[in-house]
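One structure is given here, and the rest of the page talks about it.
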Amino acid sequence: MANAPLKRQPLAFADWSGSEYAAMAGSLLRGRVHQGPNPALLKQRLAQVYAPSEVHLVNYGHHAIEIALNAFKCQRPERVEVIVPAYICPSVVQAVAACGLRVRSVDVQTDLNLAPADVQAALNADTLAVIAPHMYGCPARILEIEALCDAANVFLIDDAAQVVGVQQDGRLLGTFGDVGVISFAQSKTIVSGIRGSGGVLLVNRPALADQLREACASLPAASGRLGPWADFLWNHVGHVYTGNSGYYLSRVLTALGREPPVAAPAMRISHLEAGIALAQLGRLDALVAEKVRISEAYHRAVQACPHLEFPQFAPGRFLARVMLLLPEGADLDDVRREALSFGVETRTGYSAFVSPGAQASQAQAMEQRLLGVPCRPGMTQGDVEAVCAVLDASIPGAVRR
Ligand SMILES: Cc1ncc(COP(=O)(O)O)c(C=O)c1O
């Protein structure tokens, strides 16, 4: 494929408007990074959205999962296994292991979510809980999973880490099962930063409310948030000009003989990041509508690209990221390199997690073939078509149109 000058198509990590920057500036100018009124305001606002579920704010979604699993463990200490999808954010698997529980993977469908029948088949006398995410915002069949968890007397975590304000079967995602989880990390629906910028534990079952309220009330105050905030801002605003901060950070740390930063322990959300999340929540309808518009633009563009599919698409569906499926046998790294030479940034999805004795052929196939494409706010149909045309032509054997 001969290189031709094309408009750069960068990835985006968040959809921020002036109100997010104003919230940020307000916190910084008052010298209030960690403590202030924003967490209480955010909690109040989310409680209105998710009522009657109780809302607790933490720093990471996966810490919300740990807090819930530890509460479940107290109630049923004889049960030691947690079911997760084989296509999942690694921090979820780490959260289960951190609670001293065994992780059991169950393969996913082409929409990257668990199928109720596969969850049913995996349930056994050791099953403590099921974690059911809505991968990249695509809703899982959560009502059916809730019914079978209830029937088996197994706890259910409705993992809505990537999706806020979207309903399924007349209920908001995150409100099914015993608890729900939301994350405010980059590339989610609401983005307040990275590395511990915020998460939510939704308590959907009143019987768990006292225990989980107490666990969340004992969390330490937010600390150490300026570094991740600056890092996020660099990537969000500057990565197009400078490249990703991770590259510079790792060089500096290597030069100083220091290890890369590890995930912070569970703590409360900071005033600074709660303020950004509040601004995002105030624009929720617009954030969701823009992602729906971009997905629909990709759906239209993919029709003209014989090598590309968009397996999670449905009309009107919110997706936090657009993940396109390349043909079997295409080399992701080669395609990414070729696309980048035409200015199109891409990213890979998650690696499949396969627990001992399990099989996950679908998750493993998807890991090899899925590519995240730019879904920046304001992208035009022409931008989306340009991205798809470059990708389609980057597949070996394809002819550039
Ligand atoms: C489905 C899912 N659950 C949980 C998490 C964990 O969220 P956090 O990064 O806030 O810990 C993620 C993060 O990407 C996720 O995608």
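Each chain in the structure tokens gets a letter, A, B and so on, in the order shown; residues start at 1 in every chain, and ligands are counted from 1 in the order they appear.
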Taking a cut-off of 8 Å and counting only C-alpha atoms and all ligand atoms, can you build a table that, for each residue of chain A near ligand 1, reports the nearest atom pair and how far apart they are in Å (one decimal), sorted by chain then residue number, as a Markdown table?
```
| residue | atom | partner | partner_atom_place_in_ligand_line | distance |
| --- | --- | --- | --- | --- |
| A:Asn59 | CA | ligand 1 | 10 (O) | 7.1 |
| A:Tyr60 | CA | ligand 1 | 10 (O) | 3.7 |
| A:Gly61 | CA | ligand 1 | 10 (O) | 3.5 |
| A:His62 | CA | ligand 1 | 11 (O) | 3.8 |
| A:His63 | CA | ligand 1 | 11 (O) | 6.3 |
| A:Ala64 | CA | ligand 1 | 11 (O) | 7.9 |
| A:Ile65 | CA | ligand 1 | 4 (C) | 7.8 |
| A:Ile88 | CA | ligand 1 | 1 (C) | 6.2 |
| A:Cys89 | CA | ligand 1 | 16 (O) | 4.9 |
| A:Pro90 | CA | ligand 1 | 13 (C) | 7.9 |
| A:Ser91 | CA | ligand 1 | 6 (C) | 5.7 |
| A:Val92 | CA | ligand 1 | 4 (C) | 5.5 |
| A:Pro133 | CA | ligand 1 | 1 (C) | 4.9 |
| A:His134 | CA | ligand 1 | 1 (C) | 6.5 |
| A:Met135 | CA | ligand 1 | 1 (C) | 5.8 |
| A:Tyr136 | CA | ligand 1 | 16 (O) | 7.1 |
| A:Asp159 | CA | ligand 1 | 3 (N) | 5.6 |
| A:Ala160 | CA | ligand 1 | 1 (C) | 6.6 |
| A:Ala161 | CA | ligand 1 | 3 (N) | 4.7 |
| A:Gln162 | CA | ligand 1 | 16 (O) | 5.9 |
| A:Val181 | CA | ligand 1 | 4 (C) | 7.2 |
| A:Ile182 | CA | ligand 1 | 7 (O) | 7.2 |
| A:Ser183 | CA | ligand 1 | 10 (O) | 4.2 |
| A:Phe184 | CA | ligand 1 | 10 (O) | 6.1 |
| A:Ala185 | CA | ligand 1 | 10 (O) | 5.4 |
| A:Lys188 | CA | ligand 1 | 14 (O) | 7.7 |
| A:Ile194 | CA | ligand 1 | 9 (O) | 7.8 |
| A:Arg195 | CA | ligand 1 | 9 (O) | 6.9 |
| A:Gly196 | CA | ligand 1 | 10 (O) | 6.2 |
| A:Ser197 | CA | ligand 1 | 10 (O) | 7.4 |
| A:Gly198 | CA | ligand 1 | 10 (O) | 6.3 |
| A:Gly199 | CA | ligand 1 | 10 (O) | 5.5 |
```
Just N, CA and C atoms for this one: save the residues we selected as a short mmCIF file (atom, residue, chain, number, x, y, z; two decimals), in the first residue's frame.
```
data_model
loop_
_atom_site.label_atom_id
_atom_site.label_comp_id
_atom_site.auth_asym_id
_atom_site.auth_seq_id
_atom_site.Cartn_x
_atom_site.Cartn_y
_atom_site.Cartn_z
N ASN A 59 -11.74 4.54 44.65
CA ASN A 59 -10.79 5.04 43.65
C ASN A 59 -10.75 4.19 42.38
N TYR A 60 -11.02 2.87 42.50
CA TYR A 60 -10.95 1.97 41.34
C TYR A 60 -12.21 1.10 41.30
N GLY A 61 -12.64 0.74 40.10
CA GLY A 61 -13.73 -0.23 39.96
C GLY A 61 -13.34 -1.58 40.53
N HIS A 62 -12.08 -2.00 40.32
CA HIS A 62 -11.71 -3.34 40.80
C HIS A 62 -11.63 -3.39 42.33
N HIS A 63 -11.41 -2.23 42.97
CA HIS A 63 -11.47 -2.25 44.44
C HIS A 63 -12.93 -2.39 44.91
N ALA A 64 -13.87 -1.83 44.15
CA ALA A 64 -15.29 -2.04 44.49
C ALA A 64 -15.61 -3.53 44.41
N ILE A 65 -15.05 -4.20 43.42
CA ILE A 65 -15.28 -5.66 43.28
C ILE A 65 -14.69 -6.39 44.49
N ILE A 88 -11.80 -10.32 29.53
CA ILE A 88 -12.05 -9.45 30.69
C ILE A 88 -10.81 -8.61 30.99
N CYS A 89 -11.05 -7.45 31.60
CA CYS A 89 -9.96 -6.59 32.06
C CYS A 89 -9.16 -7.37 33.13
N PRO A 90 -7.83 -7.43 33.00
CA PRO A 90 -7.04 -8.24 33.93
C PRO A 90 -7.20 -7.83 35.39
N SER A 91 -7.54 -6.56 35.65
CA SER A 91 -7.67 -6.13 37.05
C SER A 91 -8.82 -6.84 37.75
N VAL A 92 -9.79 -7.33 36.98
CA VAL A 92 -10.92 -8.06 37.59
C VAL A 92 -10.43 -9.42 38.09
N PRO A 133 -19.72 -8.62 33.24
CA PRO A 133 -19.53 -7.30 32.64
C PRO A 133 -20.36 -7.09 31.38
N HIS A 134 -20.51 -5.84 31.01
CA HIS A 134 -21.11 -5.45 29.73
C HIS A 134 -19.92 -4.93 28.92
N MET A 135 -19.31 -5.84 28.16
CA MET A 135 -18.00 -5.52 27.59
C MET A 135 -18.06 -4.35 26.60
N TYR A 136 -17.24 -3.37 26.85
CA TYR A 136 -17.18 -2.13 26.07
C TYR A 136 -18.55 -1.43 26.04
N ASP A 159 -21.25 -5.92 36.49
CA ASP A 159 -20.05 -5.11 36.23
C ASP A 159 -20.32 -4.12 35.09
N ALA A 160 -20.80 -2.95 35.49
CA ALA A 160 -21.08 -1.88 34.53
C ALA A 160 -19.92 -0.89 34.51
N ALA A 161 -18.68 -1.40 34.68
CA ALA A 161 -17.51 -0.52 34.75
C ALA A 161 -17.48 0.46 33.59
N GLN A 162 -17.91 -0.02 32.40
CA GLN A 162 -17.71 0.80 31.21
C GLN A 162 -18.95 1.57 30.78
N VAL A 181 -20.94 -2.29 39.67
CA VAL A 181 -19.63 -1.62 39.70
C VAL A 181 -19.53 -0.68 38.51
N ILE A 182 -18.96 0.51 38.75
CA ILE A 182 -18.69 1.47 37.67
C ILE A 182 -17.25 1.95 37.84
N SER A 183 -16.59 2.22 36.71
CA SER A 183 -15.23 2.78 36.75
C SER A 183 -15.22 4.12 36.02
N PHE A 184 -14.40 5.04 36.52
CA PHE A 184 -14.25 6.34 35.85
C PHE A 184 -12.89 6.45 35.15
N ALA A 185 -12.26 5.30 34.87
CA ALA A 185 -10.95 5.34 34.21
C ALA A 185 -11.10 5.63 32.72
N LYS A 188 -13.95 4.88 29.45
CA LYS A 188 -15.23 4.42 29.96
C LYS A 188 -16.29 5.46 29.54
N ILE A 194 -6.98 8.56 35.17
CA ILE A 194 -6.45 7.18 35.09
C ILE A 194 -5.92 6.74 36.45
N ARG A 195 -5.58 5.44 36.50
CA ARG A 195 -4.93 4.83 37.67
C ARG A 195 -5.55 5.24 39.00
N GLY A 196 -6.82 4.91 39.18
CA GLY A 196 -7.45 5.17 40.47
C GLY A 196 -8.19 6.48 40.52
N SER A 197 -8.69 6.94 39.35
CA SER A 197 -9.39 8.24 39.32
C SER A 197 -10.84 8.13 39.78
N GLY A 198 -11.32 6.91 40.01
CA GLY A 198 -12.68 6.81 40.55
C GLY A 198 -13.38 5.52 40.18
N GLY A 199 -14.24 5.10 41.07
CA GLY A 199 -15.08 3.93 40.84
C GLY A 199 -16.28 4.01 41.77
#
```
Problem - Test item: residues at most 8 Å from Cys305 in chain A, only C-alpha atoms, excluding those fewer than 3 positions along its chain, as a ChimeraX atom specification - result: /A:301-302,308,388-389,392
Name the residues in contact with range 312-314 of chain A at a cut-off of 10 Å, using only C-alpha atoms, excluding same-chain residues fewer than 4 positions from it; report them as a PDB file with all heavy atoms, in the first residue's frame.
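Heads up, here's the output in part.pdb:
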```
ATOM      1  N   THR A 110     -19.756 -13.857  20.611  1.00  0.00           N
ATOM      2  CA  THR A 110     -19.116 -12.882  19.715  1.00  0.00           C
ATOM      3  C   THR A 110     -19.348 -11.433  20.176  1.00  0.00           C
ATOM      4  O   THR A 110     -18.648 -10.530  19.755  1.00  0.00           O
ATOM      5  CB  THR A 110     -19.631 -13.030  18.267  1.00  0.00           C
ATOM      6  OG1 THR A 110     -21.047 -13.068  18.322  1.00  0.00           O
ATOM      7  CG2 THR A 110     -19.094 -14.280  17.612  1.00  0.00           C
ATOM      8  N   ASP A 111     -20.349 -11.230  21.065  1.00  0.00           N
ATOM      9  CA  ASP A 111     -20.535  -9.868  21.604  1.00  0.00           C
ATOM     10  C   ASP A 111     -19.605  -9.616  22.792  1.00  0.00           C
ATOM     11  O   ASP A 111     -19.684  -8.562  23.434  1.00  0.00           O
ATOM     12  CB  ASP A 111     -22.005  -9.621  22.009  1.00  0.00           C
ATOM     13  CG  ASP A 111     -22.445 -10.472  23.204  1.00  0.00           C
ATOM     14  OD1 ASP A 111     -21.654 -11.336  23.657  1.00  0.00           O
ATOM     15  OD2 ASP A 111     -23.572 -10.272  23.678  1.00  0.00           O
ATOM     16  N   LEU A 112     -18.734 -10.579  23.094  1.00  0.00           N
ATOM     17  CA  LEU A 112     -17.723 -10.501  24.164  1.00  0.00           C
ATOM     18  C   LEU A 112     -18.327 -10.629  25.564  1.00  0.00           C
ATOM     19  O   LEU A 112     -17.658 -10.354  26.562  1.00  0.00           O
ATOM     20  CB  LEU A 112     -16.893  -9.204  24.072  1.00  0.00           C
ATOM     21  CG  LEU A 112     -16.203  -8.977  22.732  1.00  0.00           C
ATOM     22  CD1 LEU A 112     -15.520  -7.610  22.703  1.00  0.00           C
ATOM     23  CD2 LEU A 112     -15.179 -10.067  22.461  1.00  0.00           C
ATOM     24  N   ASN A 113     -19.580 -11.047  25.636  1.00  0.00           N
ATOM     25  CA  ASN A 113     -20.239 -11.199  26.937  1.00  0.00           C
ATOM     26  C   ASN A 113     -20.537 -12.671  27.229  1.00  0.00           C
ATOM     27  O   ASN A 113     -20.529 -13.515  26.340  1.00  0.00           O
ATOM     28  CB  ASN A 113     -21.563 -10.418  26.939  1.00  0.00           C
ATOM     29  CG  ASN A 113     -21.333  -8.921  27.020  1.00  0.00           C
ATOM     30  OD1 ASN A 113     -20.364  -8.475  27.652  1.00  0.00           O
ATOM     31  ND2 ASN A 113     -22.185  -8.149  26.398  1.00  0.00           N
ATOM     32  N   MET A 135     -19.311  -5.840  28.157  1.00  0.00           N
ATOM     33  CA  MET A 135     -17.997  -5.515  27.593  1.00  0.00           C
ATOM     34  C   MET A 135     -18.056  -4.348  26.600  1.00  0.00           C
ATOM     35  O   MET A 135     -18.831  -4.372  25.649  1.00  0.00           O
ATOM     36  CB  MET A 135     -17.401  -6.776  26.950  1.00  0.00           C
ATOM     37  CG  MET A 135     -15.955  -6.620  26.516  1.00  0.00           C
ATOM     38  SD  MET A 135     -14.825  -5.817  27.707  1.00  0.00           S
ATOM     39  CE  MET A 135     -14.822  -6.957  29.065  1.00  0.00           C
ATOM     40  N   TYR A 136     -17.240  -3.369  26.849  1.00  0.00           N
ATOM     41  CA  TYR A 136     -17.179  -2.127  26.073  1.00  0.00           C
ATOM     42  C   TYR A 136     -18.550  -1.427  26.037  1.00  0.00           C
ATOM     43  O   TYR A 136     -18.839  -0.660  25.125  1.00  0.00           O
ATOM     44  CB  TYR A 136     -16.653  -2.371  24.651  1.00  0.00           C
ATOM     45  CG  TYR A 136     -15.273  -3.000  24.632  1.00  0.00           C
ATOM     46  CD1 TYR A 136     -15.017  -4.155  23.905  1.00  0.00           C
ATOM     47  CD2 TYR A 136     -14.227  -2.458  25.364  1.00  0.00           C
ATOM     48  CE1 TYR A 136     -13.755  -4.742  23.903  1.00  0.00           C
ATOM     49  CE2 TYR A 136     -12.970  -3.029  25.377  1.00  0.00           C
ATOM     50  CZ  TYR A 136     -12.737  -4.172  24.650  1.00  0.00           C
ATOM     51  OH  TYR A 136     -11.482  -4.747  24.661  1.00  0.00           O
ATOM     52  N   GLY A 137     -19.401  -1.762  27.010  1.00  0.00           N
ATOM     53  CA  GLY A 137     -20.714  -1.125  27.096  1.00  0.00           C
ATOM     54  C   GLY A 137     -21.822  -1.941  26.460  1.00  0.00           C
ATOM     55  O   GLY A 137     -23.000  -1.601  26.608  1.00  0.00           O
ATOM     56  N   CYS A 138     -21.467  -3.011  25.739  1.00  0.00           N
ATOM     57  CA  CYS A 138     -22.478  -3.840  25.070  1.00  0.00           C
ATOM     58  C   CYS A 138     -23.234  -4.645  26.143  1.00  0.00           C
ATOM     59  O   CYS A 138     -22.613  -5.429  26.864  1.00  0.00           O
ATOM     60  CB  CYS A 138     -21.771  -4.771  24.094  1.00  0.00           C
ATOM     61  SG  CYS A 138     -22.879  -5.878  23.239  1.00  0.00           S
ATOM     62  N   PRO A 139     -24.541  -4.463  26.278  1.00  0.00           N
ATOM     63  CA  PRO A 139     -25.244  -5.093  27.406  1.00  0.00           C
ATOM     64  C   PRO A 139     -25.234  -6.620  27.338  1.00  0.00           C
ATOM     65  O   PRO A 139     -25.540  -7.204  26.297  1.00  0.00           O
ATOM     66  CB  PRO A 139     -26.684  -4.569  27.281  1.00  0.00           C
ATOM     67  CG  PRO A 139     -26.638  -3.461  26.308  1.00  0.00           C
ATOM     68  CD  PRO A 139     -25.448  -3.669  25.436  1.00  0.00           C
ATOM     69  N   VAL A 292     -23.109   6.779  20.435  1.00  0.00           N
ATOM     70  CA  VAL A 292     -24.071   6.069  19.582  1.00  0.00           C
ATOM     71  C   VAL A 292     -23.891   6.534  18.135  1.00  0.00           C
ATOM     72  O   VAL A 292     -23.844   5.728  17.200  1.00  0.00           O
ATOM     73  CB  VAL A 292     -25.524   6.319  20.067  1.00  0.00           C
ATOM     74  CG1 VAL A 292     -26.533   5.777  19.064  1.00  0.00           C
ATOM     75  CG2 VAL A 292     -25.746   5.693  21.447  1.00  0.00           C
ATOM     76  N   SER A 295     -20.709   5.014  16.631  1.00  0.00           N
ATOM     77  CA  SER A 295     -20.891   3.585  16.323  1.00  0.00           C
ATOM     78  C   SER A 295     -21.693   3.414  15.040  1.00  0.00           C
ATOM     79  O   SER A 295     -21.395   2.543  14.225  1.00  0.00           O
ATOM     80  CB  SER A 295     -21.643   2.882  17.452  1.00  0.00           C
ATOM     81  OG  SER A 295     -20.787   2.671  18.519  1.00  0.00           O
ATOM     82  N   GLU A 296     -22.720   4.246  14.891  1.00  0.00           N
ATOM     83  CA  GLU A 296     -23.554   4.113  13.689  1.00  0.00           C
ATOM     84  C   GLU A 296     -22.762   4.517  12.441  1.00  0.00           C
ATOM     85  O   GLU A 296     -22.909   3.904  11.384  1.00  0.00           O
ATOM     86  CB  GLU A 296     -24.847   4.904  13.853  1.00  0.00           C
ATOM     87  CG  GLU A 296     -25.644   4.238  14.978  1.00  0.00           C
ATOM     88  CD  GLU A 296     -27.088   4.665  15.139  1.00  0.00           C
ATOM     89  OE1 GLU A 296     -27.387   5.825  14.830  1.00  0.00           O
ATOM     90  OE2 GLU A 296     -27.880   3.822  15.610  1.00  0.00           O
ATOM     91  N   TYR A 298     -19.550   4.061  12.090  1.00  0.00           N
ATOM     92  CA  TYR A 298     -18.684   2.899  11.790  1.00  0.00           C
ATOM     93  C   TYR A 298     -19.490   1.782  11.134  1.00  0.00           C
ATOM     94  O   TYR A 298     -19.010   1.131  10.200  1.00  0.00           O
ATOM     95  CB  TYR A 298     -17.976   2.386  13.057  1.00  0.00           C
ATOM     96  CG  TYR A 298     -16.632   3.057  13.274  1.00  0.00           C
ATOM     97  CD1 TYR A 298     -16.469   4.044  14.247  1.00  0.00           C
ATOM     98  CD2 TYR A 298     -15.530   2.716  12.497  1.00  0.00           C
ATOM     99  CE1 TYR A 298     -15.245   4.670  14.437  1.00  0.00           C
ATOM    100  CE2 TYR A 298     -14.304   3.350  12.676  1.00  0.00           C
ATOM    101  CZ  TYR A 298     -14.168   4.323  13.647  1.00  0.00           C
ATOM    102  OH  TYR A 298     -12.944   4.940  13.810  1.00  0.00           O
ATOM    103  N   HIS A 299     -20.695   1.571  11.624  1.00  0.00           N
ATOM    104  CA  HIS A 299     -21.523   0.509  11.033  1.00  0.00           C
ATOM    105  C   HIS A 299     -21.722   0.770   9.540  1.00  0.00           C
ATOM    106  O   HIS A 299     -21.568  -0.129   8.712  1.00  0.00           O
ATOM    107  CB  HIS A 299     -22.865   0.438  11.767  1.00  0.00           C
ATOM    108  CG  HIS A 299     -23.850  -0.461  11.095  1.00  0.00           C
ATOM    109  ND1 HIS A 299     -23.675  -1.826  11.046  1.00  0.00           N
ATOM    110  CD2 HIS A 299     -25.007  -0.196  10.430  1.00  0.00           C
ATOM    111  CE1 HIS A 299     -24.688  -2.372  10.383  1.00  0.00           C
ATOM    112  NE2 HIS A 299     -25.499  -1.403  10.003  1.00  0.00           N
ATOM    113  N   PHE A 318     -25.234   2.121  22.714  1.00  0.00           N
ATOM    114  CA  PHE A 318     -24.040   2.817  23.202  1.00  0.00           C
ATOM    115  C   PHE A 318     -22.886   1.823  23.281  1.00  0.00           C
ATOM    116  O   PHE A 318     -23.050   0.725  23.803  1.00  0.00           O
ATOM    117  CB  PHE A 318     -24.293   3.380  24.613  1.00  0.00           C
ATOM    118  CG  PHE A 318     -23.030   3.774  25.334  1.00  0.00           C
ATOM    119  CD1 PHE A 318     -22.461   5.021  25.136  1.00  0.00           C
ATOM    120  CD2 PHE A 318     -22.376   2.881  26.175  1.00  0.00           C
ATOM    121  CE1 PHE A 318     -21.283   5.377  25.777  1.00  0.00           C
ATOM    122  CE2 PHE A 318     -21.203   3.226  26.816  1.00  0.00           C
ATOM    123  CZ  PHE A 318     -20.656   4.480  26.619  1.00  0.00           C
ATOM    124  N   LEU A 319     -21.738   2.198  22.781  1.00  0.00           N
ATOM    125  CA  LEU A 319     -20.517   1.413  23.002  1.00  0.00           C
ATOM    126  C   LEU A 319     -19.412   2.367  23.430  1.00  0.00           C
ATOM    127  O   LEU A 319     -19.172   3.390  22.773  1.00  0.00           O
ATOM    128  CB  LEU A 319     -20.107   0.672  21.718  1.00  0.00           C
ATOM    129  CG  LEU A 319     -21.034  -0.489  21.321  1.00  0.00           C
ATOM    130  CD1 LEU A 319     -20.726  -0.969  19.909  1.00  0.00           C
ATOM    131  CD2 LEU A 319     -20.921  -1.648  22.312  1.00  0.00           C
ATOM    132  N   ARG A 321     -16.246   1.858  23.408  1.00  0.00           N
ATOM    133  CA  ARG A 321     -15.189   1.812  22.391  1.00  0.00           C
ATOM    134  C   ARG A 321     -15.733   1.090  21.173  1.00  0.00           C
ATOM    135  O   ARG A 321     -16.557   0.195  21.305  1.00  0.00           O
ATOM    136  CB  ARG A 321     -13.998   0.963  22.848  1.00  0.00           C
ATOM    137  CG  ARG A 321     -13.302   1.422  24.062  1.00  0.00           C
ATOM    138  CD  ARG A 321     -12.081   0.526  24.247  1.00  0.00           C
ATOM    139  NE  ARG A 321     -11.524   0.724  25.572  1.00  0.00           N
ATOM    140  CZ  ARG A 321     -10.437   0.105  26.011  1.00  0.00           C
ATOM    141  NH1 ARG A 321      -9.807  -0.745  25.229  1.00  0.00           N
ATOM    142  NH2 ARG A 321      -9.980   0.331  27.219  1.00  0.00           N
ATOM    143  N   VAL A 322     -15.205   1.428  20.017  1.00  0.00           N
ATOM    144  CA  VAL A 322     -15.548   0.675  18.812  1.00  0.00           C
ATOM    145  C   VAL A 322     -14.421  -0.322  18.564  1.00  0.00           C
ATOM    146  O   VAL A 322     -13.260   0.057  18.387  1.00  0.00           O
ATOM    147  CB  VAL A 322     -15.724   1.610  17.594  1.00  0.00           C
ATOM    148  CG1 VAL A 322     -15.877   0.796  16.318  1.00  0.00           C
ATOM    149  CG2 VAL A 322     -16.928   2.528  17.810  1.00  0.00           C
ATOM    150  N   MET A 323     -14.775  -1.612  18.579  1.00  0.00           N
ATOM    151  CA  MET A 323     -13.801  -2.682  18.343  1.00  0.00           C
ATOM    152  C   MET A 323     -14.192  -3.376  17.042  1.00  0.00           C
ATOM    153  O   MET A 323     -15.268  -3.971  16.948  1.00  0.00           O
ATOM    154  CB  MET A 323     -13.820  -3.694  19.497  1.00  0.00           C
ATOM    155  CG  MET A 323     -13.533  -3.108  20.867  1.00  0.00           C
ATOM    156  SD  MET A 323     -11.873  -2.409  21.084  1.00  0.00           S
ATOM    157  CE  MET A 323     -10.834  -3.857  21.054  1.00  0.00           C
ATOM    158  N   LEU A 324     -13.315  -3.282  16.042  1.00  0.00           N
ATOM    159  CA  LEU A 324     -13.606  -3.921  14.757  1.00  0.00           C
ATOM    160  C   LEU A 324     -12.906  -5.269  14.683  1.00  0.00           C
ATOM    161  O   LEU A 324     -11.821  -5.461  15.254  1.00  0.00           O
ATOM    162  CB  LEU A 324     -13.151  -3.021  13.607  1.00  0.00           C
ATOM    163  CG  LEU A 324     -13.858  -1.655  13.524  1.00  0.00           C
ATOM    164  CD1 LEU A 324     -13.374  -0.891  12.295  1.00  0.00           C
ATOM    165  CD2 LEU A 324     -15.380  -1.790  13.512  1.00  0.00           C
ATOM    166  N   LEU A 325     -13.533  -6.190  13.963  1.00  0.00           N
ATOM    167  CA  LEU A 325     -13.013  -7.546  13.846  1.00  0.00           C
ATOM    168  C   LEU A 325     -12.333  -7.714  12.487  1.00  0.00           C
ATOM    169  O   LEU A 325     -12.950  -7.481  11.440  1.00  0.00           O
ATOM    170  CB  LEU A 325     -14.173  -8.545  13.979  1.00  0.00           C
ATOM    171  CG  LEU A 325     -13.794 -10.002  14.104  1.00  0.00           C
ATOM    172  CD1 LEU A 325     -13.119 -10.282  15.449  1.00  0.00           C
ATOM    173  CD2 LEU A 325     -15.026 -10.901  13.951  1.00  0.00           C
TER     174      LEU A 325
END
```
Exercise for the section: Quick one: everything within 12 Å of Phe176 in chain A, counting only C-alpha atoms, minus sequence neighbours fewer than 6 positions away in the same chain. Send it as an MDAnalysis selection string. Expected result: chainID A and resid 50 52:53 130:134 139:147 149:150 155:160 167:170 202:205
Written file, previous selection with C-alpha atoms, as a short mmCIF file (atom, residue, chain, number, x, y, z; two decimals), in the first residue's frame:
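Printed below is out-v8.cif as written:
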```
data_model
loop_
_atom_site.label_atom_id
_atom_site.label_comp_id
_atom_site.auth_asym_id
_atom_site.auth_seq_id
_atom_site.Cartn_x
_atom_site.Cartn_y
_atom_site.Cartn_z
CA TYR A 50 -29.37 4.82 40.72
CA PRO A 52 -32.93 2.76 45.34
CA SER A 53 -29.40 1.28 45.08
CA VAL A 130 -20.55 -14.43 39.12
CA ILE A 131 -19.03 -11.25 37.69
CA ALA A 132 -20.95 -10.29 34.56
CA PRO A 133 -19.53 -7.30 32.64
CA HIS A 134 -21.11 -5.45 29.73
CA PRO A 139 -25.24 -5.09 27.41
CA ALA A 140 -24.97 -8.70 28.57
CA ARG A 141 -28.12 -10.82 29.05
CA ILE A 142 -28.03 -9.71 32.64
CA LEU A 143 -31.70 -10.32 33.52
CA GLU A 144 -31.33 -14.01 32.66
CA ILE A 145 -27.99 -14.24 34.49
CA GLU A 146 -29.61 -12.59 37.52
CA ALA A 147 -32.43 -15.16 37.50
CA CYS A 149 -27.79 -16.70 40.08
CA ASP A 150 -30.85 -16.16 42.30
CA PHE A 155 -23.99 -13.65 44.38
CA LEU A 156 -23.97 -11.56 41.20
CA ILE A 157 -21.79 -8.53 40.47
CA ASP A 158 -23.31 -6.49 37.63
CA ASP A 159 -20.05 -5.11 36.23
CA ALA A 160 -21.08 -1.88 34.53
CA GLN A 167 -30.94 0.65 30.52
CA GLN A 168 -31.71 -2.96 29.70
CA ASP A 169 -35.09 -4.58 30.40
CA GLY A 170 -36.23 -1.31 31.98
CA LEU A 202 -23.73 0.16 43.85
CA VAL A 203 -25.40 -1.86 46.57
CA ASN A 204 -28.53 -3.34 45.04
CA ARG A 205 -29.53 -5.78 47.81
#
```
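Using only C-alpha atoms, the smallest distance between any of A:Val179, A:Leu370, A:Val384, A:Ile395 and Lys7 in chain A comes from A:Val384.
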Problem - Long-range neighbours of Arg76 in chain A as a PyMOL selection string, 12 Å cut-off, only C-alpha atoms, 3 positions minimum in chain - result: chain A and resi 69-73+79-81+125-129+153-155
Problem - Spatial neighbours of Gln362 in chain A, 7 Å, only C-alpha atoms, chain gap at least 4 places, as a VMD selection string - result: chain A and resid 107 to 109 366
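Here CA of Ala304 in chain A and CA of Gly378 in chain A stand 21.6 Å from one another.
Minimum atom-to-atom distances from A:Ser192, A:Thr175, A:Ser394, A:Gln35 to Ala279 in chain A were compared using only C-alpha atoms, and the lowest value belongs to A:Ser192.
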